[in-house]
Structures are given as C-alpha cells and as structure tokens.
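Q: Sharing start21.cif below, mmCIF, C-alpha atoms:
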data_input
loop_
_atom_site.label_atom_id
_atom_site.label_comp_id
_atom_site.auth_asym_id
_atom_site.auth_seq_id
_atom_site.Cartn_x
_atom_site.Cartn_y
_atom_site.Cartn_z
CA MET A 1 92.93 106.29 82.87
CA THR A 2 95.98 107.31 80.89
CA MET A 3 98.89 105.07 79.99
CA PHE A 4 101.06 107.00 82.45
CA GLU A 5 98.56 106.30 85.25
CA PHE A 6 98.40 102.64 84.23
CA ASN A 7 102.18 102.35 84.35
CA GLN A 8 102.21 103.77 87.88
CA LEU A 9 100.02 100.90 89.15
CA ASP A 10 101.55 97.77 90.65
CA GLU A 11 101.38 94.58 88.59
CA LEU A 12 98.21 93.21 90.21
CA GLU A 13 96.39 96.52 89.70
CA GLN A 14 97.51 96.57 86.07
CA ILE A 15 96.15 93.05 85.53
CA GLU A 16 92.83 93.98 87.15
CA THR A 17 92.65 97.12 85.00
CA PHE A 18 93.10 95.41 81.64
CA TRP A 19 90.68 92.60 82.65
CA VAL A 20 87.97 95.03 83.79
CA GLU A 21 88.45 98.04 81.51
CA GLY A 22 90.23 96.51 78.51
CA GLN A 23 88.82 95.17 75.27
CA LYS A 24 90.66 92.24 73.69
CA VAL A 25 91.58 93.33 70.17
CA GLY A 26 94.21 90.86 69.02
CA GLU A 27 96.11 87.68 69.63
CA ARG A 28 99.17 86.03 68.13
CA LEU A 29 101.44 83.08 68.79
CA GLY A 30 105.20 83.10 69.19
CA LYS A 31 107.56 80.13 69.48
CA SER A 32 106.99 79.64 73.19
CA SER A 33 104.53 82.41 74.01
CA ARG A 34 101.00 83.59 73.33
CA TYR A 35 100.47 87.34 73.08
CA VAL A 36 97.11 88.98 73.73
CA LEU A 37 96.47 92.64 72.95
CA TYR A 38 93.97 94.71 74.94
CA GLN A 39 92.86 98.27 74.33
CA VAL A 40 92.41 100.30 77.51
CA ASN A 41 91.04 103.77 76.80
CA ASP A 42 93.49 105.34 74.31
CA PHE A 43 96.42 102.93 74.74
CA TYR A 44 97.20 99.23 74.37
CA VAL A 45 98.44 96.56 76.76
CA GLU A 46 100.18 93.49 75.39
CA ILE A 47 100.19 90.45 77.66
CA LYS A 48 102.75 87.69 77.08
CA TYR A 49 101.70 84.24 78.32
CA ASN A 50 103.95 81.22 78.68
CA LEU A 51 102.47 78.50 76.45
CA VAL A 52 103.54 75.63 78.73
CA VAL A 53 102.02 76.83 82.00
CA ASN A 54 99.69 79.57 80.65
CA VAL A 55 100.78 82.27 83.08
CA ILE A 56 101.54 85.93 82.40
CA TYR A 57 105.25 86.56 82.39
CA ALA A 58 105.48 89.91 80.66
CA MET A 59 103.33 92.95 80.02
CA ARG A 60 103.91 96.18 78.13
CA SER A 61 101.80 99.20 77.36
CA PHE A 62 102.08 101.41 74.30
CA GLU A 63 100.21 103.99 72.26
CA CYS A 64 98.73 103.58 68.78
CA GLU A 65 101.77 105.14 67.08
CA SER A 66 104.00 102.37 68.40
CA PRO A 67 105.58 99.84 66.05
CA TYR A 68 104.50 97.16 68.56
CA LEU A 69 101.00 97.49 67.10
CA ASP A 70 102.19 96.63 63.58
CA VAL A 71 102.43 92.87 64.20
CA TYR A 72 98.69 92.86 64.95
CA LEU A 73 97.72 95.05 61.99
CA LEU A 74 99.79 93.44 59.21
CA PRO A 75 97.74 90.20 59.00
CA ILE A 76 94.44 92.09 58.55
CA ASP A 77 93.20 91.80 54.97
CA ILE A 78 91.31 94.95 54.01
CA SER A 79 91.10 94.13 50.30
CA ALA A 80 87.48 92.96 50.63
CA VAL A 81 86.37 96.26 52.14
CA LYS A 82 84.40 98.30 49.61
CA GLN A 83 85.14 101.96 49.25
CA GLN A 84 82.13 104.12 49.91
CA VAL A 85 81.58 107.00 47.55
#
Transcribe the structure of this file into structure tokens.
A:
Amino acid sequence: MTMFEFNQLDELEQIETFWVEGQKVGERLGKSSRYVLYQVNDFYVEIKYNLVVNVIYAMRSFECESPYLDVYLLPIDISAVKQQV
C-alpha cells in the first residue's frame, strides 16, 4: 500500500491498516498528547492520542523526507555506535 492509497481510506480503515500492517517505531509526549509513530511500508503514520481519555484525535501520514520525522530522530544517540572498517 502506498501513502496515497492509505490517504484514500476512511478513518476506520486507516486505523485498521496501521494496527495490522504498521510497525511501531517511536513515541513521544506533548503537553496534553501522546504521539505514536508507525511505519507502514515506505511511509509513516503519526497518531495523536489525548492523554486524558486516551483516544485518537488526530492522524497524519508522511514520507521519510518529511521534517515531521525529525522529532523522533533527534533524541537518538548514535555516539556509541562503532564505525566498521
């Protein structure tokens, strides 16, 4: 499935798709929200949950070149990774 095809689905089909086909790859907390990032094929789906009632109230899809991915990548410390020669 492509991101275009995903975006053509209704909301319930999108939710089923990221639950069944997606891999959870990140999570972060906002002031009043929890964000969970899933990879579905070659694109990402970010789910925004309300912290009080723990329900989805926003969803967006984007590709790997998107700046939306940066907030998940910045906290990753790669300094301990050894360079292979």
Q: Which residues, named as in the file, does the PyMOL selection byres ((chain A and resi 63) around 8) pick out? Answer as a list in words.
A: Met3, Asp42, Phe43, Tyr44, Ser61, Phe62, Cys64, Glu65 and Ser66 of chain A
Q: If we count only C-alpha atoms and set the cut-off at 12 Å, which residues sit around Val25 in chain A, ignoring sequence neighbours fewer than 5 positions away in its own chain? Please answer as a list in words.
A: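 Result of the neighbour search: Phe18, Tyr35, Val36, Leu37, Tyr38, Gln39, Val40, Phe43, Tyr44, Val45, Glu46, Ile47, Leu69, Tyr72 and Leu73 of chain A.
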Q: Running the PyMOL selection byres ((chain A and resi 51-57) around 7) on this model by hand, what would come out? Give it as a list in words.
A: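 Evaluating the PyMOL selection byres ((chain A and resi 51-57) around 7) on these coordinates yields Ser32, Ser33, Arg34, Ile47, Lys48, Tyr49, Asn50 and Ala58 of chain A.
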Q: In Å to one decimal, how far is CA of Tyr68 in chain A from CA of Glu16 in chain A?
A: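 For CA of Glu16 in chain A relative to CA of Tyr68 in chain A, the distance reads 22.2 Å.
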Q: Would you mind reading off the distance between CA of Asp70 in chain A and CA of Met1 in chain A, one decimal, in Å?
A: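 Spanning CA of Asp70 in chain A to CA of Met1 in chain A is a straight-line distance of 23.5 Å.
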Q: Report, as JSON, the axis-aligned box around all atoms of range 23-41 of chain A present in the file, extended by 3 Å on each side; give centre and edge lengths in Å to one decimal place.
A:
{"center_x": 98.2, "center_y": 91.7, "center_z": 72.8, "size_x": 24.7, "size_y": 30.1, "size_z": 15.4}
Q: Rounded to one decimal in Å, what is the spacing between CA of Gly22 in chain A and CA of Arg60 in chain A?
A: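 CA of Arg60 in chain A lies 13.7 Å from CA of Gly22 in chain A.
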Q: Nearest to Leu12 in chain A: which of A:Pro67, A:Lys24, A:Met59, A:Lys31 is it, counting only C-alpha atoms?
A: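 Of A:Pro67, A:Lys24, A:Met59, A:Lys31, the one nearest Leu12 in chain A, counting only C-alpha atoms, is A:Met59.
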